[in-house]
Amino acid sequence: MEKVFAQSKKFFSLSTEEKMKVFRDKKNRGYTPFLDETLDPSQQTKGDCKEGFYIGPEMKEEETEVWSPKPFHGPNQWPSEDLLPGWRETMEKYHEQVLRAGRKIIRLLALALNLEMTYFEKPGVMDSPMAYIRLLHYSGEVSIPEKGIYGAGAHSDYGMITLLATDGVPGLQICRDKDASPQVWEDVQPVPGAFVVNLGDMLERWSNGLFRSTLHRVILTGEERYSIAFFLDPNFDCLVECLPACCSLSNPPKYPPITSGHYLIERYKLSYKN
Ligand SMILES: O=C(O)CCC(=O)C(=O)O
Ligand SMILES: [Fe+2]
């Protein structure tokens, strides 16, 4: 984990010109500059005070034909090996390891929903997940919520689960009851060596609200901050619809079925300028 953070810092300390060479492409891989994303347009007066870098599953040669027309599926972008030796190798290794950890948590979620342990690993469900690392770097400015300035605006993650590693600098807050008014925000204390696991909106939809996605935001205190999110989401074509065990005549499905890919596209459209 230390190595991943060290490499992440090295990337973000490159010149803007270098970083823009790997600007986020149409498959959503690569660099996202400061203010590029606005996670809570209803409250924010400017974009999130963070820059980021997306890394997803690498497209294998033999899959090119099948995957390449699909949004989110494609090869990664990498900074040059001369500039950042070992960077790609570190990130690929981390992707493999964090995906393994994520799969274990998903098994536990299946058991908690009284499903067979491997329910979500079945073909067409999450056997070929959209699994993205996102390196993040927050600026050293101070967030002013009254003025709509946030490190990351309030949001819940879009997919199944997120495994979030932070560098120990505070800033992450959660709201336990997203329907409360006014909302109550609590600091999440960094725990060395541990991930914060956020439940996402697709899990909420699948479980008909039994599992609630976690509303969270980042409030900056003037100290630079680094974090690394890993978003683990169902296959692009997986239809996310209320699980039979989570609904009944008296508790009908609260959300219409939607494919994972289309849901993600809609959510990204709302938070990115292009
Ligand atoms: O940096 C953090 O602690 C939170 C990041 C986050 O919420 C996200 O990228 O979705
Ligand atoms: Fe998030």
# chains A, B, ... in the order shown; residues from 1 in each chain; ligands from 1

$ residues_near_ligand --ligand "ligand 2" --cutoff "8 Å" --atoms "only C-alpha atoms and all ligand atoms" --output "number ranges by chain"
A: 155-157, 162, 198, 216-217, 229

$ select_by_dssp --residues "region 84-205 of chain A" --states "strand (DSSP E)" --output "PyMOL selection string"
chain A and resi 130-138+152-155+161-166+172-175+186-187+196-199

$ residues_around --residues "Tyr138 (chain A)" --least-positions-apart "5" --cutoff "10 Å" --atoms "only C-alpha atoms" --output "PDB file with all heavy atoms, in the first residue's frame"
ATOM      1  N   PHE A  34      -7.871  18.912 -11.657  1.00  0.00           N
ATOM      2  CA  PHE A  34      -8.609  19.608 -10.599  1.00  0.00           C
ATOM      3  C   PHE A  34      -9.884  20.219 -11.177  1.00  0.00           C
ATOM      4  O   PHE A  34      -9.887  20.725 -12.308  1.00  0.00           O
ATOM      5  CB  PHE A  34      -7.748  20.742 -10.012  1.00  0.00           C
ATOM      6  CG  PHE A  34      -6.707  20.250  -9.048  1.00  0.00           C
ATOM      7  CD1 PHE A  34      -5.359  20.282  -9.381  1.00  0.00           C
ATOM      8  CD2 PHE A  34      -7.077  19.747  -7.805  1.00  0.00           C
ATOM      9  CE1 PHE A  34      -4.394  19.820  -8.493  1.00  0.00           C
ATOM     10  CE2 PHE A  34      -6.118  19.289  -6.903  1.00  0.00           C
ATOM     11  CZ  PHE A  34      -4.767  19.326  -7.251  1.00  0.00           C
ATOM     12  N   ASP A  48     -14.916  19.655  -7.667  1.00  0.00           N
ATOM     13  CA  ASP A  48     -14.157  19.079  -6.544  1.00  0.00           C
ATOM     14  C   ASP A  48     -12.698  19.529  -6.612  1.00  0.00           C
ATOM     15  O   ASP A  48     -12.101  19.551  -7.694  1.00  0.00           O
ATOM     16  CB  ASP A  48     -14.169  17.543  -6.623  1.00  0.00           C
ATOM     17  CG  ASP A  48     -15.564  16.958  -6.517  1.00  0.00           C
ATOM     18  OD1 ASP A  48     -16.482  17.673  -6.074  1.00  0.00           O
ATOM     19  OD2 ASP A  48     -15.727  15.777  -6.881  1.00  0.00           O
ATOM     20  N   CYS A  49     -12.132  19.867  -5.428  1.00  0.00           N
ATOM     21  CA  CYS A  49     -10.732  20.315  -5.363  1.00  0.00           C
ATOM     22  C   CYS A  49      -9.806  19.097  -5.350  1.00  0.00           C
ATOM     23  O   CYS A  49      -9.052  18.861  -4.390  1.00  0.00           O
ATOM     24  CB  CYS A  49     -10.502  21.173  -4.130  1.00  0.00           C
ATOM     25  SG  CYS A  49     -11.603  22.589  -4.064  1.00  0.00           S
ATOM     26  N   LYS A  50      -9.918  18.279  -6.381  1.00  0.00           N
ATOM     27  CA  LYS A  50      -9.106  17.071  -6.439  1.00  0.00           C
ATOM     28  C   LYS A  50      -8.741  16.754  -7.880  1.00  0.00           C
ATOM     29  O   LYS A  50      -9.464  17.126  -8.806  1.00  0.00           O
ATOM     30  CB  LYS A  50      -9.847  15.891  -5.804  1.00  0.00           C
ATOM     31  CG  LYS A  50     -11.084  15.420  -6.560  1.00  0.00           C
ATOM     32  CD  LYS A  50     -11.688  14.255  -5.816  1.00  0.00           C
ATOM     33  CE  LYS A  50     -12.815  13.481  -6.423  1.00  0.00           C
ATOM     34  NZ  LYS A  50     -13.718  14.035  -7.374  1.00  0.00           N
ATOM     35  N   GLU A  51      -7.595  16.082  -8.039  1.00  0.00           N
ATOM     36  CA  GLU A  51      -7.241  15.525  -9.348  1.00  0.00           C
ATOM     37  C   GLU A  51      -7.180  14.011  -9.173  1.00  0.00           C
ATOM     38  O   GLU A  51      -7.031  13.517  -8.050  1.00  0.00           O
ATOM     39  CB  GLU A  51      -5.912  16.112  -9.859  1.00  0.00           C
ATOM     40  CG  GLU A  51      -4.767  16.007  -8.876  1.00  0.00           C
ATOM     41  CD  GLU A  51      -3.456  16.617  -9.373  1.00  0.00           C
ATOM     42  OE1 GLU A  51      -3.306  16.901 -10.579  1.00  0.00           O
ATOM     43  OE2 GLU A  51      -2.547  16.771  -8.526  1.00  0.00           O
ATOM     44  N   GLY A  52      -7.306  13.290 -10.260  1.00  0.00           N
ATOM     45  CA  GLY A  52      -7.377  11.835 -10.120  1.00  0.00           C
ATOM     46  C   GLY A  52      -6.791  11.093 -11.312  1.00  0.00           C
ATOM     47  O   GLY A  52      -6.381  11.703 -12.317  1.00  0.00           O
ATOM     48  N   GLY A 151     -13.798  19.431  -1.059  1.00  0.00           N
ATOM     49  CA  GLY A 151     -12.786  18.540  -1.628  1.00  0.00           C
ATOM     50  C   GLY A 151     -13.477  17.573  -2.581  1.00  0.00           C
ATOM     51  O   GLY A 151     -13.069  17.374  -3.726  1.00  0.00           O
ATOM     52  N   ALA A 152     -14.538  16.960  -2.079  1.00  0.00           N
ATOM     53  CA  ALA A 152     -15.428  16.125  -2.897  1.00  0.00           C
ATOM     54  C   ALA A 152     -16.839  16.377  -2.385  1.00  0.00           C
ATOM     55  O   ALA A 152     -17.090  16.260  -1.177  1.00  0.00           O
ATOM     56  CB  ALA A 152     -15.066  14.651  -2.787  1.00  0.00           C
ATOM     57  N   GLY A 171     -10.580  14.269   6.617  1.00  0.00           N
ATOM     58  CA  GLY A 171     -11.332  14.972   5.581  1.00  0.00           C
ATOM     59  C   GLY A 171     -12.601  14.224   5.183  1.00  0.00           C
ATOM     60  O   GLY A 171     -13.619  14.826   4.877  1.00  0.00           O
ATOM     61  N   VAL A 218     -15.853  14.945   1.139  1.00  0.00           N
ATOM     62  CA  VAL A 218     -14.518  15.249   1.674  1.00  0.00           C
ATOM     63  C   VAL A 218     -14.422  16.755   1.923  1.00  0.00           C
ATOM     64  O   VAL A 218     -14.682  17.560   1.036  1.00  0.00           O
ATOM     65  CB  VAL A 218     -13.399  14.791   0.718  1.00  0.00           C
ATOM     66  CG1 VAL A 218     -12.031  15.221   1.246  1.00  0.00           C
ATOM     67  CG2 VAL A 218     -13.434  13.277   0.526  1.00  0.00           C
ATOM     68  N   ILE A 219     -14.108  17.096   3.179  1.00  0.00           N
ATOM     69  CA  ILE A 219     -13.941  18.489   3.603  1.00  0.00           C
ATOM     70  C   ILE A 219     -12.451  18.707   3.855  1.00  0.00           C
ATOM     71  O   ILE A 219     -11.861  18.038   4.717  1.00  0.00           O
ATOM     72  CB  ILE A 219     -14.739  18.725   4.923  1.00  0.00           C
ATOM     73  CG1 ILE A 219     -16.242  18.499   4.705  1.00  0.00           C
ATOM     74  CG2 ILE A 219     -14.476  20.111   5.490  1.00  0.00           C
ATOM     75  CD1 ILE A 219     -16.907  19.508   3.813  1.00  0.00           C
ATOM     76  N   LEU A 220     -11.855  19.600   3.126  1.00  0.00           N
ATOM     77  CA  LEU A 220     -10.405  19.809   3.258  1.00  0.00           C
ATOM     78  C   LEU A 220     -10.099  20.819   4.357  1.00  0.00           C
ATOM     79  O   LEU A 220     -10.833  21.788   4.554  1.00  0.00           O
ATOM     80  CB  LEU A 220      -9.826  20.282   1.923  1.00  0.00           C
ATOM     81  CG  LEU A 220      -9.998  19.297   0.767  1.00  0.00           C
ATOM     82  CD1 LEU A 220      -9.541  19.912  -0.544  1.00  0.00           C
ATOM     83  CD2 LEU A 220      -9.217  18.011   1.049  1.00  0.00           C
ATOM     84  N   GLY A 222      -6.915  22.273   4.687  1.00  0.00           N
ATOM     85  CA  GLY A 222      -5.725  23.054   4.381  1.00  0.00           C
ATOM     86  C   GLY A 222      -4.499  22.177   4.189  1.00  0.00           C
ATOM     87  O   GLY A 222      -3.419  22.668   3.861  1.00  0.00           O
ATOM     88  N   GLU A 223      -4.675  20.876   4.399  1.00  0.00           N
ATOM     89  CA  GLU A 223      -3.563  19.943   4.223  1.00  0.00           C
ATOM     90  C   GLU A 223      -3.815  19.123   2.952  1.00  0.00           C
ATOM     91  O   GLU A 223      -4.957  18.684   2.735  1.00  0.00           O
ATOM     92  CB  GLU A 223      -3.549  19.000   5.428  1.00  0.00           C
ATOM     93  CG  GLU A 223      -2.195  18.468   5.774  1.00  0.00           C
ATOM     94  CD  GLU A 223      -2.258  17.561   7.012  1.00  0.00           C
ATOM     95  OE1 GLU A 223      -3.196  17.679   7.832  1.00  0.00           O
ATOM     96  OE2 GLU A 223      -1.377  16.704   7.138  1.00  0.00           O
ATOM     97  N   GLU A 224      -2.777  18.933   2.168  1.00  0.00           N
ATOM     98  CA  GLU A 224      -2.943  18.077   0.984  1.00  0.00           C
ATOM     99  C   GLU A 224      -3.332  16.668   1.436  1.00  0.00           C
ATOM    100  O   GLU A 224      -2.914  16.228   2.504  1.00  0.00           O
ATOM    101  CB  GLU A 224      -1.618  17.978   0.237  1.00  0.00           C
ATOM    102  CG  GLU A 224      -1.424  19.027  -0.818  1.00  0.00           C
ATOM    103  CD  GLU A 224      -0.077  18.856  -1.487  1.00  0.00           C
ATOM    104  OE1 GLU A 224       0.025  18.043  -2.410  1.00  0.00           O
ATOM    105  OE2 GLU A 224       0.876  19.530  -1.052  1.00  0.00           O
ATOM    106  N   ARG A 225      -4.063  15.989   0.604  1.00  0.00           N
ATOM    107  CA  ARG A 225      -4.544  14.667   1.003  1.00  0.00           C
ATOM    108  C   ARG A 225      -4.505  13.726  -0.203  1.00  0.00           C
ATOM    109  O   ARG A 225      -4.828  14.147  -1.317  1.00  0.00           O
ATOM    110  CB  ARG A 225      -5.974  14.815   1.516  1.00  0.00           C
ATOM    111  CG  ARG A 225      -6.633  13.562   2.007  1.00  0.00           C
ATOM    112  CD  ARG A 225      -7.976  13.918   2.676  1.00  0.00           C
ATOM    113  NE  ARG A 225      -8.589  12.710   3.180  1.00  0.00           N
ATOM    114  CZ  ARG A 225      -9.353  11.906   2.443  1.00  0.00           C
ATOM    115  NH1 ARG A 225      -9.606  12.192   1.187  1.00  0.00           N
ATOM    116  NH2 ARG A 225      -9.865  10.804   2.974  1.00  0.00           N
ATOM    117  N   TYR A 226      -4.113  12.472   0.052  1.00  0.00           N
ATOM    118  CA  TYR A 226      -4.093  11.457  -1.008  1.00  0.00           C
ATOM    119  C   TYR A 226      -5.001  10.305  -0.571  1.00  0.00           C
ATOM    120  O   TYR A 226      -5.012   9.914   0.599  1.00  0.00           O
ATOM    121  CB  TYR A 226      -2.672  10.910  -1.225  1.00  0.00           C
ATOM    122  CG  TYR A 226      -1.716  11.935  -1.798  1.00  0.00           C
ATOM    123  CD1 TYR A 226      -1.047  12.827  -0.959  1.00  0.00           C
ATOM    124  CD2 TYR A 226      -1.503  12.029  -3.177  1.00  0.00           C
ATOM    125  CE1 TYR A 226      -0.183  13.788  -1.477  1.00  0.00           C
ATOM    126  CE2 TYR A 226      -0.642  12.977  -3.702  1.00  0.00           C
ATOM    127  CZ  TYR A 226       0.019  13.857  -2.844  1.00  0.00           C
ATOM    128  OH  TYR A 226       0.855  14.808  -3.363  1.00  0.00           O
ATOM    129  N   SER A 227      -5.748   9.770  -1.506  1.00  0.00           N
ATOM    130  CA  SER A 227      -6.519   8.563  -1.205  1.00  0.00           C
ATOM    131  C   SER A 227      -6.564   7.705  -2.462  1.00  0.00           C
ATOM    132  O   SER A 227      -6.239   8.178  -3.562  1.00  0.00           O
ATOM    133  CB  SER A 227      -7.928   8.922  -0.726  1.00  0.00           C
ATOM    134  OG  SER A 227      -8.653   9.507  -1.764  1.00  0.00           O
TER     135      SER A 227
END

$ residues_around --residues "Gly159 (chain A)" --least-positions-apart "5" --cutoff "10 Å" --atoms "only C-alpha atoms" --output "VMD selection string"
chain A and resid 130 to 131 198 to 205 213 231 to 234 260 to 261 263 to 264

$ atom_distance --atom1 "CA of Asn251 (chain A)" --atom2 "CA of Ala154 (chain A)"
28.6 Å

$ residues_around --residues "Arg107 (chain A)" --least-positions-apart "5" --cutoff "10 Å" --atoms "only C-alpha atoms" --output "list in words"
Gly102, Ala112, Leu113, Leu115, Glu116, Met117, Thr118, Tyr119, Phe120 and Glu121 of chain A

$ write_last_selection --atoms "all heavy atoms" --output "compact mmCIF listing (two decimals), in the first residue's frame"
# COMPACT_ATOMS: atom_id res chain seq x y z
N GLY A 102 -11.84 -7.46 -2.78
CA GLY A 102 -13.21 -7.06 -3.08
C GLY A 102 -14.11 -8.26 -3.32
O GLY A 102 -15.25 -8.32 -2.84
N ALA A 112 -24.96 -12.62 3.43
CA ALA A 112 -25.82 -11.77 4.26
C ALA A 112 -27.21 -11.61 3.64
O ALA A 112 -28.18 -11.37 4.34
CB ALA A 112 -25.17 -10.40 4.46
N LEU A 113 -27.30 -11.77 2.32
CA LEU A 113 -28.59 -11.65 1.64
C LEU A 113 -29.26 -13.03 1.46
O LEU A 113 -30.22 -13.16 0.68
CB LEU A 113 -28.39 -10.99 0.26
CG LEU A 113 -28.07 -9.49 0.28
CD1 LEU A 113 -27.51 -9.02 -1.05
CD2 LEU A 113 -29.31 -8.68 0.65
N LEU A 115 -28.14 -15.54 -0.04
CA LEU A 115 -27.91 -16.11 -1.37
C LEU A 115 -26.75 -17.08 -1.25
O LEU A 115 -26.01 -17.06 -0.26
CB LEU A 115 -27.52 -14.99 -2.35
CG LEU A 115 -28.54 -13.87 -2.53
CD1 LEU A 115 -27.91 -12.69 -3.24
CD2 LEU A 115 -29.75 -14.38 -3.31
N GLU A 116 -26.57 -17.91 -2.30
CA GLU A 116 -25.38 -18.75 -2.22
C GLU A 116 -24.14 -17.85 -2.34
O GLU A 116 -24.20 -16.80 -2.98
CB GLU A 116 -25.40 -19.85 -3.28
CG GLU A 116 -25.58 -19.32 -4.68
CD GLU A 116 -25.76 -20.42 -5.70
OE1 GLU A 116 -24.83 -21.21 -5.89
OE2 GLU A 116 -26.85 -20.47 -6.31
N MET A 117 -23.08 -18.31 -1.71
CA MET A 117 -21.89 -17.47 -1.57
C MET A 117 -21.38 -16.91 -2.90
O MET A 117 -20.91 -15.78 -2.98
CB MET A 117 -20.78 -18.29 -0.89
CG MET A 117 -19.58 -17.51 -0.51
SD MET A 117 -18.50 -18.47 0.55
CE MET A 117 -17.78 -19.61 -0.62
N THR A 118 -21.49 -17.72 -3.95
CA THR A 118 -20.91 -17.29 -5.23
C THR A 118 -21.95 -16.62 -6.16
O THR A 118 -21.69 -16.44 -7.34
CB THR A 118 -20.30 -18.50 -5.97
OG1 THR A 118 -21.33 -19.49 -6.08
CG2 THR A 118 -19.10 -19.06 -5.24
N TYR A 119 -23.10 -16.25 -5.58
CA TYR A 119 -24.18 -15.67 -6.39
C TYR A 119 -23.69 -14.56 -7.32
O TYR A 119 -23.99 -14.55 -8.51
CB TYR A 119 -25.29 -15.12 -5.48
CG TYR A 119 -26.46 -14.56 -6.24
CD1 TYR A 119 -27.52 -15.37 -6.62
CD2 TYR A 119 -26.51 -13.21 -6.61
CE1 TYR A 119 -28.59 -14.88 -7.34
CE2 TYR A 119 -27.57 -12.70 -7.34
CZ TYR A 119 -28.60 -13.53 -7.70
OH TYR A 119 -29.66 -13.03 -8.41
N PHE A 120 -22.93 -13.61 -6.77
CA PHE A 120 -22.52 -12.45 -7.57
C PHE A 120 -21.36 -12.76 -8.52
O PHE A 120 -20.98 -11.92 -9.34
CB PHE A 120 -22.17 -11.27 -6.67
CG PHE A 120 -23.35 -10.72 -5.91
CD1 PHE A 120 -23.41 -10.81 -4.52
CD2 PHE A 120 -24.41 -10.12 -6.57
CE1 PHE A 120 -24.50 -10.31 -3.82
CE2 PHE A 120 -25.50 -9.62 -5.88
CZ PHE A 120 -25.55 -9.72 -4.49
N GLU A 121 -20.78 -13.94 -8.37
CA GLU A 121 -19.65 -14.28 -9.27
C GLU A 121 -20.11 -15.02 -10.51
O GLU A 121 -19.31 -15.35 -11.38
CB GLU A 121 -18.65 -15.15 -8.51
CG GLU A 121 -17.85 -14.35 -7.51
CD GLU A 121 -17.37 -15.20 -6.36
OE1 GLU A 121 -16.50 -16.05 -6.57
OE2 GLU A 121 -17.90 -15.02 -5.25

$ residues_around --residues "Ser42 (chain A)" --least-positions-apart "6" --cutoff "12 Å" --atoms "only C-alpha atoms" --output "mmCIF file with N, CA and C atoms, in the first residue's frame"
data_model
loop_
_atom_site.group_PDB
_atom_site.id
_atom_site.type_symbol
_atom_site.label_atom_id
_atom_site.label_comp_id
_atom_site.auth_asym_id
_atom_site.auth_seq_id
_atom_site.Cartn_x
_atom_site.Cartn_y
_atom_site.Cartn_z
ATOM 1 N N GLY A 148 -20.117 26.481 -0.893
ATOM 2 C CA GLY A 148 -20.199 25.449 -1.928
ATOM 3 C C GLY A 148 -18.840 24.953 -2.399
ATOM 4 N N ILE A 149 -17.799 25.090 -1.533
ATOM 5 C CA ILE A 149 -16.457 24.630 -1.924
ATOM 6 C C ILE A 149 -16.090 23.371 -1.126
ATOM 7 N N GLY A 153 -17.740 16.752 -3.276
ATOM 8 C CA GLY A 153 -19.121 17.022 -2.885
ATOM 9 C C GLY A 153 -19.816 15.757 -2.387
ATOM 10 N N ALA A 154 -20.902 15.950 -1.645
ATOM 11 C CA ALA A 154 -21.629 14.813 -1.068
ATOM 12 C C ALA A 154 -22.161 13.904 -2.176
ATOM 13 N N HIS A 155 -21.962 12.611 -1.996
ATOM 14 C CA HIS A 155 -22.431 11.645 -3.000
ATOM 15 C C HIS A 155 -22.411 10.254 -2.379
ATOM 16 N N LEU A 270 -23.779 13.128 -15.070
ATOM 17 C CA LEU A 270 -24.223 14.182 -14.155
ATOM 18 C C LEU A 270 -23.069 14.862 -13.431
ATOM 19 N N SER A 271 -21.913 14.182 -13.328
ATOM 20 C CA SER A 271 -20.838 14.768 -12.516
ATOM 21 C C SER A 271 -19.653 15.290 -13.338
#

$ closest_residue --among "A:His137, A:Lys178, A:Lys19, A:Lys3" --to "ligand 1" --atoms "only C-alpha atoms and all ligand atoms"
A:His137

$ closest_residue --among "A:Pro170, A:Pro190, A:Gly74, A:Gly47" --to "Pro33 (chain A)" --atoms "only C-alpha atoms"
A:Gly47

$ atom_distance --atom1 "CA of Pro256 (chain A)" --atom2 "CA of Trp206 (chain A)"
10.0 Å

$ atom_distance --atom1 "CA of Leu135 (chain A)" --atom2 "CA of Leu163 (chain A)"
12.1 Å

$ closest_residue --among "A:Lys254, A:Arg212, A:Val240, A:Leu83" --to "Ser13 (chain A)" --atoms "only C-alpha atoms"
A:Leu83

$ closest_residue --among "A:Phe236, A:Phe211, A:Trp185, A:Tyr158" --to "ligand 1" --atoms "only C-alpha atoms and all ligand atoms"
A:Tyr158

$ closest_residue --among "A:Gly209, A:Gly168, A:Pro75, A:Gly193" --to "ligand 1" --atoms "only C-alpha atoms and all ligand atoms"
A:Gly168

$ residues_around --residues "region 26-29 of chain A" --least-positions-apart "4" --cutoff "6 Å" --atoms "only C-alpha atoms" --output "VMD selection string"
chain A and resid 54 to 55 71 to 72 76

$ select_by_dssp --residues "region 119-180 of chain A" --states "helix (DSSP H, G or I)" --output "PyMOL selection string"
chain A and resi 119-121+145-147
